[in-house]
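**Q** Take a look at run_18.pdb, PDB, C-alpha atoms and all ligand atoms:
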ATOM      1  CA  MET A   2     -22.252   6.636  10.977
ATOM      2  CA  CYS A   3     -18.670   5.553  11.384
ATOM      3  CA  SER A   4     -16.089   7.303  13.526
ATOM      4  CA  GLY A   5     -12.345   7.199  14.113
ATOM      5  CA  ILE A   6      -9.904   5.272  11.960
ATOM      6  CA  HIS A   7      -9.956   1.619  11.038
ATOM      7  CA  ALA A   8      -7.307  -0.851   9.867
ATOM      8  CA  ILE A   9      -9.077  -3.572   7.909
ATOM      9  CA  PRO A  10      -7.446  -6.839   6.815
ATOM     10  CA  SER A  11      -8.030  -7.004   3.065
ATOM     11  CA  GLY A  12      -5.921 -10.000   2.065
ATOM     12  CA  PRO A  13      -7.166 -13.383   0.854
ATOM     13  CA  GLY A  14      -8.848 -15.997   3.069
ATOM     14  CA  GLU A  15      -5.545 -17.873   3.371
ATOM     15  CA  PHE A  16      -3.885 -14.803   4.948
ATOM     16  CA  PRO A  17      -6.280 -11.896   5.610
ATOM     17  CA  GLU A  18      -3.563  -9.725   7.230
ATOM     18  CA  ALA A  19      -1.349 -10.052   4.147
ATOM     19  CA  VAL A  20      -2.777  -6.683   3.117
ATOM     20  CA  TYR A  21      -4.504  -3.861   4.986
ATOM     21  CA  SER A  22      -6.874  -1.140   3.904
ATOM     22  CA  PHE A  23      -7.572   1.846   6.115
ATOM     23  CA  VAL A  24     -10.701   3.894   6.634
ATOM     24  CA  ILE A  25     -10.771   7.452   7.979
ATOM     25  CA  CYS A  26     -14.227   8.451   9.176
ATOM     26  CA  ASP A  27     -15.159  12.133   9.171
ATOM     27  CA  LYS A  28     -17.863  14.172   7.432
ATOM     28  CA  MET A  29     -16.325  12.655   4.325
ATOM     29  CA  ASN A  30     -15.244   9.018   4.703
ATOM     30  CA  VAL A  31     -12.081   7.844   2.976
ATOM     31  CA  MET A  32     -10.671   4.409   2.322
ATOM     32  CA  ILE A  33      -6.981   4.008   1.578
ATOM     33  CA  ASP A  34      -6.298   1.056  -0.736
ATOM     34  CA  ALA A  35      -8.776  -1.634  -1.653
ATOM     35  CA  GLY A  36      -7.205  -5.031  -0.972
ATOM     36  CA  VAL A  37      -7.059  -8.102  -3.153
ATOM     37  CA  ALA A  38      -9.813  -9.377  -5.440
ATOM     38  CA  ASN A  39     -10.184 -12.527  -3.285
ATOM     39  CA  SER A  40     -10.485 -10.309  -0.232
ATOM     40  CA  VAL A  41     -12.114 -11.120   3.105
ATOM     41  CA  MET A  42     -12.535  -7.388   3.744
ATOM     42  CA  ASP A  43     -15.771  -6.419   5.490
ATOM     43  CA  VAL A  44     -16.765  -2.781   5.080
ATOM     44  CA  GLY A  45     -20.380  -3.331   6.110
ATOM     45  CA  PHE A  46     -19.960  -0.752   8.929
ATOM     46  CA  LEU A  47     -19.791   2.037   6.334
ATOM     47  CA  ASP A  48     -23.023   3.764   5.427
ATOM     48  CA  LYS A  49     -21.148   5.856   2.863
ATOM     49  CA  LEU A  50     -17.693   6.117   1.386
ATOM     50  CA  ASP A  51     -16.812   9.364  -0.389
ATOM     51  CA  TYR A  52     -13.253   8.646  -1.560
ATOM     52  CA  VAL A  53     -10.933   5.720  -2.116
ATOM     53  CA  VAL A  54      -7.256   6.676  -2.353
ATOM     54  CA  ILE A  55      -5.153   4.142  -4.237
ATOM     55  CA  THR A  56      -1.541   4.435  -3.041
ATOM     56  CA  HIS A  57      -0.328   2.488  -6.061
ATOM     57  CA  LEU A  58      -1.678   0.193  -8.729
ATOM     58  CA  HIS A  59      -0.364  -3.201  -7.676
ATOM     59  CA  VAL A  60      -2.687  -6.183  -7.692
ATOM     60  CA  ASP A  61      -2.813  -6.472  -3.889
ATOM     61  CA  HIS A  62      -4.211  -2.942  -3.378
ATOM     62  CA  VAL A  63      -6.864  -2.564  -6.078
ATOM     63  CA  GLY A  64      -8.548  -5.981  -6.290
ATOM     64  CA  ALA A  65     -11.777  -5.147  -4.435
ATOM     65  CA  LEU A  66     -11.970  -1.567  -5.760
ATOM     66  CA  SER A  67     -14.558  -2.283  -8.446
ATOM     67  CA  GLU A  68     -16.936  -3.904  -5.960
ATOM     68  CA  ILE A  69     -16.481  -1.091  -3.430
ATOM     69  CA  VAL A  70     -17.108   1.772  -5.869
ATOM     70  CA  GLN A  71     -20.113  -0.036  -7.330
ATOM     71  CA  ARG A  72     -21.607  -0.179  -3.873
ATOM     72  CA  TYR A  73     -20.664   3.275  -2.543
ATOM     73  CA  LYS A  74     -20.173   5.332  -5.748
ATOM     74  CA  SER A  75     -16.914   6.608  -4.220
ATOM     75  CA  LYS A  76     -14.544   8.854  -6.158
ATOM     76  CA  VAL A  77     -11.163   7.239  -6.725
ATOM     77  CA  ILE A  78      -7.974   9.245  -6.120
ATOM     78  CA  VAL A  79      -4.912   8.050  -8.014
ATOM     79  CA  TYR A  80      -1.614   9.442  -9.351
ATOM     80  CA  GLU A  81      -1.949  11.410 -12.560
ATOM     81  CA  GLY A  82      -2.006   9.456 -15.790
ATOM     82  CA  TYR A  83      -2.789   6.161 -14.094
ATOM     83  CA  SER A  84      -6.602   5.953 -13.898
ATOM     84  CA  LYS A  85      -6.587   4.326 -17.334
ATOM     85  CA  HIS A  86      -4.931   1.253 -15.814
ATOM     86  CA  LEU A  87      -7.842   0.863 -13.413
ATOM     87  CA  ARG A  88     -10.432   1.278 -16.152
ATOM     88  CA  ASP A  89      -8.567  -1.427 -18.066
ATOM     89  CA  PRO A  90      -6.515  -3.447 -15.544
ATOM     90  CA  SER A  91      -4.879  -5.782 -18.086
ATOM     91  CA  LYS A  92      -1.402  -4.311 -17.397
ATOM     92  CA  ILE A  93      -1.869  -4.648 -13.603
ATOM     93  CA  ASN A  94      -2.864  -8.302 -13.988
ATOM     94  CA  LYS A  95      -0.108  -9.074 -16.490
ATOM     95  CA  ASP A  96       2.597  -7.464 -14.322
ATOM     96  CA  ALA A  97       1.290  -9.318 -11.255
ATOM     97  CA  LYS A  98       1.621 -12.696 -12.978
ATOM     98  CA  LEU A  99       5.140 -11.823 -14.137
ATOM     99  CA  VAL A 100       6.385 -10.463 -10.804
ATOM    100  CA  LEU A 101       4.405 -12.416  -8.202
ATOM    101  CA  GLY A 102       3.800 -15.689 -10.057
ATOM    102  CA  GLU A 103       1.534 -18.035  -8.115
ATOM    103  CA  VAL A 104       0.960 -15.501  -5.319
ATOM    104  CA  ALA A 105      -0.978 -13.425  -7.892
ATOM    105  CA  GLU A 106      -3.410 -16.347  -8.237
ATOM    106  CA  ILE A 107      -4.047 -16.420  -4.496
ATOM    107  CA  TYR A 108      -4.759 -12.662  -4.572
ATOM    108  CA  GLY A 109      -7.074 -12.976  -7.587
ATOM    109  CA  GLU A 110      -7.510 -11.024 -10.814
ATOM    110  CA  VAL A 111      -8.343  -7.302 -10.706
ATOM    111  CA  PRO A 112     -11.630  -6.481 -12.504
ATOM    112  CA  PRO A 113     -12.106  -3.222 -14.474
ATOM    113  CA  VAL A 114     -13.080  -0.211 -12.349
ATOM    114  CA  ASP A 115     -15.894   2.043 -13.472
ATOM    115  CA  ALA A 116     -15.663   5.179 -11.309
ATOM    116  CA  THR A 117     -15.118   8.925 -11.232
ATOM    117  CA  PHE A 118     -11.370   9.381 -10.942
ATOM    118  CA  ILE A 119      -9.486  12.296  -9.411
ATOM    119  CA  GLU A 120      -5.882  12.308 -10.624
ATOM    120  CA  VAL A 121      -3.313  13.925  -8.300
ATOM    121  CA  LYS A 122       0.418  14.595  -8.378
ATOM    122  CA  GLY A 123       1.094  15.259  -4.707
ATOM    123  CA  GLY A 124       0.625  18.406  -2.636
ATOM    124  CA  GLU A 125      -3.185  18.346  -2.765
ATOM    125  CA  GLU A 126      -5.228  18.909   0.371
ATOM    126  CA  ILE A 127      -8.753  17.585   0.728
ATOM    127  CA  ASN A 128     -11.015  18.798   3.506
ATOM    128  CA  LEU A 129     -12.775  15.856   5.152
ATOM    129  CA  GLY A 130     -14.736  17.935   7.678
ATOM    130  CA  GLU A 131     -12.743  17.863  10.910
ATOM    131  CA  LYS A 132      -9.559  16.585   9.344
ATOM    132  CA  ILE A 133      -7.533  17.662   6.333
ATOM    133  CA  MET A 134      -6.122  14.893   4.172
ATOM    134  CA  LYS A 135      -2.874  15.709   2.415
ATOM    135  CA  ILE A 136      -1.526  13.718  -0.528
ATOM    136  CA  TYR A 137       2.230  13.256  -1.041
ATOM    137  CA  HIS A 138       4.029  11.768  -4.035
ATOM    138  CA  THR A 139       6.293   9.046  -2.587
ATOM    139  CA  PRO A 140       7.929   7.259  -5.547
ATOM    140  CA  GLY A 141      10.377   4.348  -5.360
ATOM    141  CA  HIS A 142       8.262   1.261  -4.709
ATOM    142  CA  ALA A 143       6.399   2.435  -7.798
ATOM    143  CA  ARG A 144       6.873   5.577  -9.848
ATOM    144  CA  HIS A 145       3.252   6.577  -9.198
ATOM    145  CA  HIS A 146       3.137   5.802  -5.461
ATOM    146  CA  ILE A 147       1.292   8.302  -3.248
ATOM    147  CA  SER A 148       0.864   8.478   0.538
ATOM    148  CA  VAL A 149      -1.803  10.109   2.672
ATOM    149  CA  PHE A 150      -1.268  12.242   5.772
ATOM    150  CA  ALA A 151      -4.277  13.045   7.958
ATOM    151  CA  ASP A 152      -4.540  13.895  11.655
ATOM    152  CA  GLN A 153      -0.795  13.240  12.133
ATOM    153  CA  ILE A 154      -1.164   9.683  10.835
ATOM    154  CA  LEU A 155       0.748   8.668   7.748
ATOM    155  CA  TYR A 156      -0.778   6.058   5.440
ATOM    156  CA  ALA A 157       2.330   4.943   3.608
ATOM    157  CA  GLY A 158       1.028   2.154   1.360
ATOM    158  CA  ASP A 159       4.129   0.167   0.370
ATOM    159  CA  SER A 160       6.571   3.092   0.559
ATOM    160  CA  ALA A 161       7.771   2.457   4.142
ATOM    161  CA  GLY A 162       8.160  -1.326   4.299
ATOM    162  CA  GLY A 163       5.844  -3.732   6.064
ATOM    163  CA  ARG A 164       5.784  -5.237   9.548
ATOM    164  CA  TYR A 165       4.694  -8.563  11.014
ATOM    165  CA  ASN A 166       5.278  -9.854  14.545
ATOM    166  CA  GLY A 167       7.286  -6.725  15.321
ATOM    167  CA  ILE A 168       9.714  -7.369  12.468
ATOM    168  CA  PRO A 169      10.126  -4.848   9.635
ATOM    169  CA  ILE A 170      10.007  -6.434   6.176
ATOM    170  CA  PRO A 171      11.028  -5.078   2.765
ATOM    171  CA  THR A 172       8.231  -4.210   0.307
ATOM    172  CA  THR A 173      10.489  -3.781  -2.672
ATOM    173  CA  PRO A 174       9.579  -5.856  -5.750
ATOM    174  CA  PRO A 175      11.367  -5.246  -9.036
ATOM    175  CA  PRO A 176      11.580  -2.795 -10.723
ATOM    176  CA  LEU A 177      12.600  -0.842  -7.625
ATOM    177  CA  ASP A 178      14.044   2.677  -7.708
ATOM    178  CA  LEU A 179      16.077   2.335  -4.541
ATOM    179  CA  LYS A 180      17.335   5.929  -4.427
ATOM    180  CA  LYS A 181      13.832   7.329  -4.762
ATOM    181  CA  TYR A 182      12.519   4.741  -2.285
ATOM    182  CA  VAL A 183      14.992   5.841   0.382
ATOM    183  CA  GLU A 184      14.367   9.514  -0.424
ATOM    184  CA  SER A 185      10.608   9.017  -0.021
ATOM    185  CA  LEU A 186      11.134   7.077   3.198
ATOM    186  CA  ARG A 187      13.322   9.828   4.673
ATOM    187  CA  PHE A 188      10.799  12.456   3.607
ATOM    188  CA  GLN A 189       8.007  10.562   5.336
ATOM    189  CA  MET A 190      10.113  10.252   8.489
ATOM    190  CA  SER A 191      10.499  14.056   8.413
ATOM    191  CA  LEU A 192       6.708  14.409   8.684
ATOM    192  CA  ALA A 193       7.046  12.966  12.221
ATOM    193  CA  PRO A 194       3.709  11.125  12.197
ATOM    194  CA  LYS A 195       2.295   9.777  15.450
ATOM    195  CA  ALA A 196       1.478   6.441  13.758
ATOM    196  CA  VAL A 197       2.067   4.831  10.384
ATOM    197  CA  GLY A 198      -0.425   2.746   8.419
ATOM    198  CA  LEU A 199       1.404   0.073   6.424
ATOM    199  CA  ALA A 200      -0.441  -1.744   3.643
ATOM    200  CA  HIS A 201       1.473  -4.833   4.770
ATOM    201  CA  GLY A 202       1.322  -4.711   8.546
ATOM    202  CA  GLY A 203      -1.411  -2.351   9.755
ATOM    203  CA  LEU A 204      -0.964   0.608  12.106
ATOM    204  CA  VAL A 205       2.480   0.722  13.689
ATOM    205  CA  HIS A 206       4.663   3.005  15.794
ATOM    206  CA  PRO A 207       6.620   5.559  13.722
ATOM    207  CA  SER A 208       9.968   4.131  14.932
ATOM    208  CA  HIS A 209       9.247   1.380  12.401
ATOM    209  CA  MET A 210      10.440   3.698   9.620
ATOM    210  CA  GLN A 211      13.909   4.131  11.123
ATOM    211  CA  GLU A 212      14.210   0.354  11.653
ATOM    212  CA  HIS A 213      13.141  -0.253   8.063
ATOM    213  CA  LEU A 214      15.564   2.364   6.701
ATOM    214  CA  GLU A 215      18.426   0.699   8.605
ATOM    215  CA  GLN A 216      17.496  -2.717   7.273
ATOM    216  CA  ILE A 217      17.616  -1.361   3.702
ATOM    217  CA  ILE A 218      20.865   0.605   4.101
ATOM    218  CA  SER A 219      22.720  -2.105   6.039
ATOM    219  CA  ARG A 220      21.540  -4.656   3.446
ATOM    220  CA  LYS A 221      20.402  -6.972   6.246
ATOM    221  CA  TYR A 222      17.012  -7.246   4.635
ATOM    222  CA  ARG A 223      16.379 -10.999   4.869
ATOM    223  CA  VAL A 224      13.987 -11.693   7.715
ATOM    224  CA  THR A 225      12.352 -14.632   9.442
ATOM    225  CA  VAL A 226       8.771 -13.960  10.418
ATOM    226  CA  ASP A 227       7.316 -16.825  12.380
ATOM    227  CA  ILE A 228       3.564 -16.666  11.755
ATOM    228  CA  GLY A 229       3.130 -20.296  10.765
ATOM    229  CA  GLY A 230       1.023 -22.227   8.289
ATOM    230  CA  GLY A 231      -0.254 -20.994   4.960
ATOM    231  CA  ALA A 232       0.131 -17.342   5.930
ATOM    232  CA  GLU A 233       3.871 -17.781   6.456
ATOM    233  CA  GLU A 234       4.153 -19.587   3.129
ATOM    234  CA  ILE A 235       2.425 -16.738   1.286
ATOM    235  CA  LEU A 236       4.487 -14.113   3.123
ATOM    236  CA  ASN A 237       7.744 -15.914   2.338
ATOM    237  CA  LYS A 238       6.858 -16.215  -1.352
ATOM    238  CA  HIS A 239       6.029 -12.507  -1.477
ATOM    239  CA  LEU A 240       9.246 -11.704   0.422
ATOM    240  CA  GLU A 241      11.392 -13.604  -2.098
ATOM    241  CA  VAL A 242      10.066 -11.221  -4.774
ATOM    242  CA  ASN A 243      10.930  -8.227  -2.594
ATOM    243  CA  TYR A 244      14.454  -9.535  -1.925
ATOM    244  CA  ARG A 245      14.944  -9.888  -5.670
ATOM    245  CA  GLY A 246      13.906  -6.247  -6.189
ATOM    246  CA  LEU A 247      16.432  -5.098  -3.593
ATOM    247  CA  GLU A 248      19.250  -7.291  -4.872
ATOM    248  CA  GLU A 249      18.790  -6.003  -8.422
ATOM    249  CA  ALA A 250      18.706  -2.432  -7.129
ATOM    250  CA  TYR A 251      21.811  -2.821  -4.914
ATOM    251  CA  SER A 252      23.807  -4.068  -7.883
ATOM    252  CA  SER A 253      23.101  -0.851  -9.777
ATOM    253  CA  VAL A 254      23.721   1.551  -6.871
ATOM    254  CA  LYS A 255      27.247   2.327  -5.692
ATOM    255  CA  ASN A 256      28.054   1.767  -2.036
ATOM    256  CA  GLY A 257      27.422   4.883   0.005
ATOM    257  CA  GLU A 258      25.060   6.294  -2.606
ATOM    258  CA  ILE A 259      21.976   5.707  -0.483
TER     259      ILE A 259
HETATM  260 ZN    ZN B 301       1.799  -4.380  -1.808
END
Could you take the file, read its structure, and then write that structure out as structure tokens?
Ligand SMILES: [Zn+2]
**A**
Amino acid sequence: MCSGIHAIPSGPGEFPEAVYSFVICDKMNVMIDAGVANSVMDVGFLDKLDYVVITHLHVDHVGALSEIVQRYKSKVIVYEGYSKHLRDPSKINKDAKLVLGEVAEIYGEVPPVDATFIEVKGGEEINLGEKIMKIYHTPGHARHHISVFADQILYAGDSAGGRYNGIPIPTTPPPLDLKKYVESLRFQMSLAPKAVGLAHGGLVHPSHMQEHLEQIISRKYRVTVDIGGGAEEILNKHLEVNYRGLEEAYSSVKNGEI
């Protein structure tokens, strides 16, 4: 039996905290996102896992999904029309190589996922027993991005930035829809969660979202996160990609439009 909520590092051995998955324990257990293929994630404390919600289909959030659903026979919740890219992940892997370059190699290749899929478009509510889990469509980072709200905690995937060492970081690779990203961020702020689960940063105070919004709007998005060693190298490489997404998006958005 598991209880409570869990933030689980699901990045590669070189930088386990590069990515987080979350688990909500209730009568029904739910995992949110499934880390990288070369993941150090340990979910041995789970005797069952009913659902895995995939916030979006980028290589760093679906790599260990196949292994997890093989073990637990969990149903996979994903934005409508997108389960086909998990059954055949060739597009996810191709896009990762194009966008992330060598970082994609560190994360590892996503294997095909054989599971029962539940496709959603946002607005759905799933009863977990004590808690109700609500799904919201939060596009911008990706067109098909969804977030989860349960027990006043928002699991925002990559739609509300990341955070390391108390510093908000952009999670905005190209192609970024900046207007939708900011809209989704503001919407999630309006939910007034008591904590926010970031796929890149773990559980943080909700004031993070305001700090992140300011960093995007003021265009002071370049950050220095001093975590040292190989982890810092991986983070900086990933950040360069996110800066590029923002810079491309700024050039196509008029000042004052966001
Ligand atoms: Zn990500």
**Q** Using all atoms listed in the file, find each protein or nucleic acid residue lying at most 7 Å from ligand ZN 301 (chain B); present the set as a PyMOL selection string.
**A** chain A and resi 59+61-62+159+172+200-201
**Q** Skipping near chain neighbours, those fewer than 6 positions away, what residues fall within 7 Å of range 22-37 of chain A using all atoms listed in the file, listed as a ChimeraX atom specification?
**A** /A:3-13,49-56,60-66,108-109,129-131,200
**Q** Those same residues, written as a PDB file, keeping the file's coordinate frame with C-alpha atoms?
**A**
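As a result, selection_38.pdb now contains:
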ATOM      1  CA  CYS A   3     -18.670   5.553  11.384  1.00  0.00           C
ATOM      2  CA  SER A   4     -16.089   7.303  13.526  1.00  0.00           C
ATOM      3  CA  GLY A   5     -12.345   7.199  14.113  1.00  0.00           C
ATOM      4  CA  ILE A   6      -9.904   5.272  11.960  1.00  0.00           C
ATOM      5  CA  HIS A   7      -9.956   1.619  11.038  1.00  0.00           C
ATOM      6  CA  ALA A   8      -7.307  -0.851   9.867  1.00  0.00           C
ATOM      7  CA  ILE A   9      -9.077  -3.572   7.909  1.00  0.00           C
ATOM      8  CA  PRO A  10      -7.446  -6.839   6.815  1.00  0.00           C
ATOM      9  CA  SER A  11      -8.030  -7.004   3.065  1.00  0.00           C
ATOM     10  CA  GLY A  12      -5.921 -10.000   2.065  1.00  0.00           C
ATOM     11  CA  PRO A  13      -7.166 -13.383   0.854  1.00  0.00           C
ATOM     12  CA  LYS A  49     -21.148   5.856   2.863  1.00  0.00           C
ATOM     13  CA  LEU A  50     -17.693   6.117   1.386  1.00  0.00           C
ATOM     14  CA  ASP A  51     -16.812   9.364  -0.389  1.00  0.00           C
ATOM     15  CA  TYR A  52     -13.253   8.646  -1.560  1.00  0.00           C
ATOM     16  CA  VAL A  53     -10.933   5.720  -2.116  1.00  0.00           C
ATOM     17  CA  VAL A  54      -7.256   6.676  -2.353  1.00  0.00           C
ATOM     18  CA  ILE A  55      -5.153   4.142  -4.237  1.00  0.00           C
ATOM     19  CA  THR A  56      -1.541   4.435  -3.041  1.00  0.00           C
ATOM     20  CA  VAL A  60      -2.687  -6.183  -7.692  1.00  0.00           C
ATOM     21  CA  ASP A  61      -2.813  -6.472  -3.889  1.00  0.00           C
ATOM     22  CA  HIS A  62      -4.211  -2.942  -3.378  1.00  0.00           C
ATOM     23  CA  VAL A  63      -6.864  -2.564  -6.078  1.00  0.00           C
ATOM     24  CA  GLY A  64      -8.548  -5.981  -6.290  1.00  0.00           C
ATOM     25  CA  ALA A  65     -11.777  -5.147  -4.435  1.00  0.00           C
ATOM     26  CA  LEU A  66     -11.970  -1.567  -5.760  1.00  0.00           C
ATOM     27  CA  TYR A 108      -4.759 -12.662  -4.572  1.00  0.00           C
ATOM     28  CA  GLY A 109      -7.074 -12.976  -7.587  1.00  0.00           C
ATOM     29  CA  LEU A 129     -12.775  15.856   5.152  1.00  0.00           C
ATOM     30  CA  GLY A 130     -14.736  17.935   7.678  1.00  0.00           C
ATOM     31  CA  GLU A 131     -12.743  17.863  10.910  1.00  0.00           C
ATOM     32  CA  ALA A 200      -0.441  -1.744   3.643  1.00  0.00           C
TER      33      ALA A 200
END
**Q** Spell out the residues picked by the PyMOL selection byres (((chain A and resi 249) around 12) and not hetatm) here, as a list in words.
**A** Thr173, Pro174, Pro175, Pro176, Leu177, Asp178, Leu179, Val242, Asn243, Tyr244, Arg245, Gly246, Leu247, Glu248, Ala250, Tyr251, Ser252, Ser253 and Val254 of chain A
**Q** Would you compute the distance between CA of Ile147 in chain A and CA of Arg223 in chain A? Give it in Å to one decimal.
**A**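 We find that CA of Ile147 in chain A and CA of Arg223 in chain A lie 25.8 Å from each other.
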**Q** Go through A:Lys221, A:Lys98, A:His209, A:Lys181 one by one, measure the shortest atom-to-atom distance of each to His138 in chain A using only C-alpha atoms, and give the residue with the smallest value.
**A**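 Between A:Lys221, A:Lys98, A:His209, A:Lys181, the residue approaching His138 in chain A most closely is A:Lys181.
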**Q** Of the candidates A:Ala105, A:Val79, A:Val41, A:Ala196, which shows the shortest atom-to-atom distance to Tyr137 in chain A, using all atoms listed in the file?
**A** A:Val79
**Q** One decimal, in Å: what's the spacing between CA of Ile136 in chain A and CA of Ile93 in chain A?
**A** 22.5 Å
**Q** Suppose you want the space between CA of Gly162 in chain A and CA of Ile218 in chain A; what is it in Å?
**A**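 One can read the CA of Gly162 in chain A to CA of Ile218 in chain A distance as 12.9 Å.
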**Q** Set the distance at 10 Å and use only C-alpha atoms: which residues neighbour Glu68 in chain A once local chain neighbours fewer than 2 positions away are removed? I'd like the list as a PyMOL selection string.
**A** chain A and resi 35+38+64-66+70-74+112-115
**Q** Generate the output file for the selected residues, C-alpha atoms, as a PDB file, keeping the file's coordinate frame.
**A**
ATOM      1  CA  ALA A  35      -8.776  -1.634  -1.653  1.00  0.00           C
ATOM      2  CA  ALA A  38      -9.813  -9.377  -5.440  1.00  0.00           C
ATOM      3  CA  GLY A  64      -8.548  -5.981  -6.290  1.00  0.00           C
ATOM      4  CA  ALA A  65     -11.777  -5.147  -4.435  1.00  0.00           C
ATOM      5  CA  LEU A  66     -11.970  -1.567  -5.760  1.00  0.00           C
ATOM      6  CA  VAL A  70     -17.108   1.772  -5.869  1.00  0.00           C
ATOM      7  CA  GLN A  71     -20.113  -0.036  -7.330  1.00  0.00           C
ATOM      8  CA  ARG A  72     -21.607  -0.179  -3.873  1.00  0.00           C
ATOM      9  CA  TYR A  73     -20.664   3.275  -2.543  1.00  0.00           C
ATOM     10  CA  LYS A  74     -20.173   5.332  -5.748  1.00  0.00           C
ATOM     11  CA  PRO A 112     -11.630  -6.481 -12.504  1.00  0.00           C
ATOM     12  CA  PRO A 113     -12.106  -3.222 -14.474  1.00  0.00           C
ATOM     13  CA  VAL A 114     -13.080  -0.211 -12.349  1.00  0.00           C
ATOM     14  CA  ASP A 115     -15.894   2.043 -13.472  1.00  0.00           C
TER      15      ASP A 115
END
**Q** Counting all atoms listed in the file, what is within 9 Å of Ile168 in chain A, bar same-chain residues fewer than 4 positions away, as a compact mmCIF listing (two decimals) with C-alpha atoms, keeping the file's coordinate frame?
**A**
# COMPACT_ATOMS: atom_id res chain seq x y z
CA GLY A 163 5.84 -3.73 6.06
CA ARG A 164 5.78 -5.24 9.55
CA HIS A 209 9.25 1.38 12.40
CA GLU A 212 14.21 0.35 11.65
CA VAL A 224 13.99 -11.69 7.72
CA THR A 225 12.35 -14.63 9.44
CA VAL A 226 8.77 -13.96 10.42
**Q** Restricting the calculation to all atoms listed in the file: of A:Ser148, A:Leu240, A:Gly231, A:Val183, which residue gets closest to Val197 in chain A?
**A** A:Ser148
**Q** Around the point (-4.3, -12.7, 1.5) (coordinates from the file), which residues reach within 8 Å if we count only C-alpha atoms? Answer as a list of chain:residue names.
**A**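 Residues close enough to count: A:Ser11, A:Gly12, A:Pro13, A:Gly14, A:Glu15, A:Phe16, A:Pro17, A:Glu18, A:Ala19, A:Val20, A:Val37, A:Asn39, A:Ser40, A:Ile107, A:Tyr108, A:Ala232, A:Ile235.
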**Q** Can you report as lines of an AutoDock Vina configuration file the centre and edge lengths in Å, to one decimal, of an axis-aligned box around the listed atoms of range 150-159 of chain A padded with 5 Å on each side?
**A**
center_x = -0.2
center_y = 7.0
center_z = 6.3
size_x = 18.7
size_y = 23.7
size_z = 21.8
**Q** Within 10 Å of Gly82 in chain A, counting all atoms listed in the file, which residues qualify if same-chain residues fewer than 5 places away don't, as a list of chain:residue names?
**A** A:Glu120, A:Val121, A:Lys122, A:His145
**Q** Mind rebuilding range 238-250 of chain A with N, CA and C atoms and writing that out as a compact mmCIF listing (two decimals), in the frame of the given file?
**A**
# COMPACT_ATOMS: atom_id res chain seq x y z
N LYS A 238 6.83 -16.31 0.12
CA LYS A 238 6.86 -16.22 -1.35
C LYS A 238 6.88 -14.76 -1.79
N HIS A 239 6.07 -13.94 -1.14
CA HIS A 239 6.03 -12.51 -1.48
C HIS A 239 7.37 -11.85 -1.13
N LEU A 240 7.96 -12.28 0.00
CA LEU A 240 9.25 -11.70 0.42
C LEU A 240 10.37 -12.02 -0.57
N GLU A 241 10.36 -13.24 -1.12
CA GLU A 241 11.39 -13.60 -2.10
C GLU A 241 11.40 -12.62 -3.26
N VAL A 242 10.19 -12.20 -3.68
CA VAL A 242 10.07 -11.22 -4.77
C VAL A 242 10.68 -9.89 -4.34
N ASN A 243 10.41 -9.50 -3.10
CA ASN A 243 10.93 -8.23 -2.59
C ASN A 243 12.45 -8.26 -2.43
N TYR A 244 12.99 -9.39 -2.02
CA TYR A 244 14.45 -9.54 -1.92
C TYR A 244 15.09 -9.36 -3.31
N ARG A 245 14.43 -9.96 -4.30
CA ARG A 245 14.94 -9.89 -5.67
C ARG A 245 14.99 -8.43 -6.13
N GLY A 246 13.95 -7.68 -5.83
CA GLY A 246 13.91 -6.25 -6.19
C GLY A 246 15.07 -5.50 -5.57
N LEU A 247 15.34 -5.78 -4.30
CA LEU A 247 16.43 -5.10 -3.59
C LEU A 247 17.78 -5.51 -4.16
N GLU A 248 17.95 -6.80 -4.40
CA GLU A 248 19.25 -7.29 -4.87
C GLU A 248 19.58 -6.69 -6.24
N GLU A 249 18.57 -6.64 -7.11
CA GLU A 249 18.79 -6.00 -8.42
C GLU A 249 19.15 -4.53 -8.25
N ALA A 250 18.46 -3.86 -7.33
CA ALA A 250 18.71 -2.43 -7.13
C ALA A 250 20.08 -2.17 -6.51
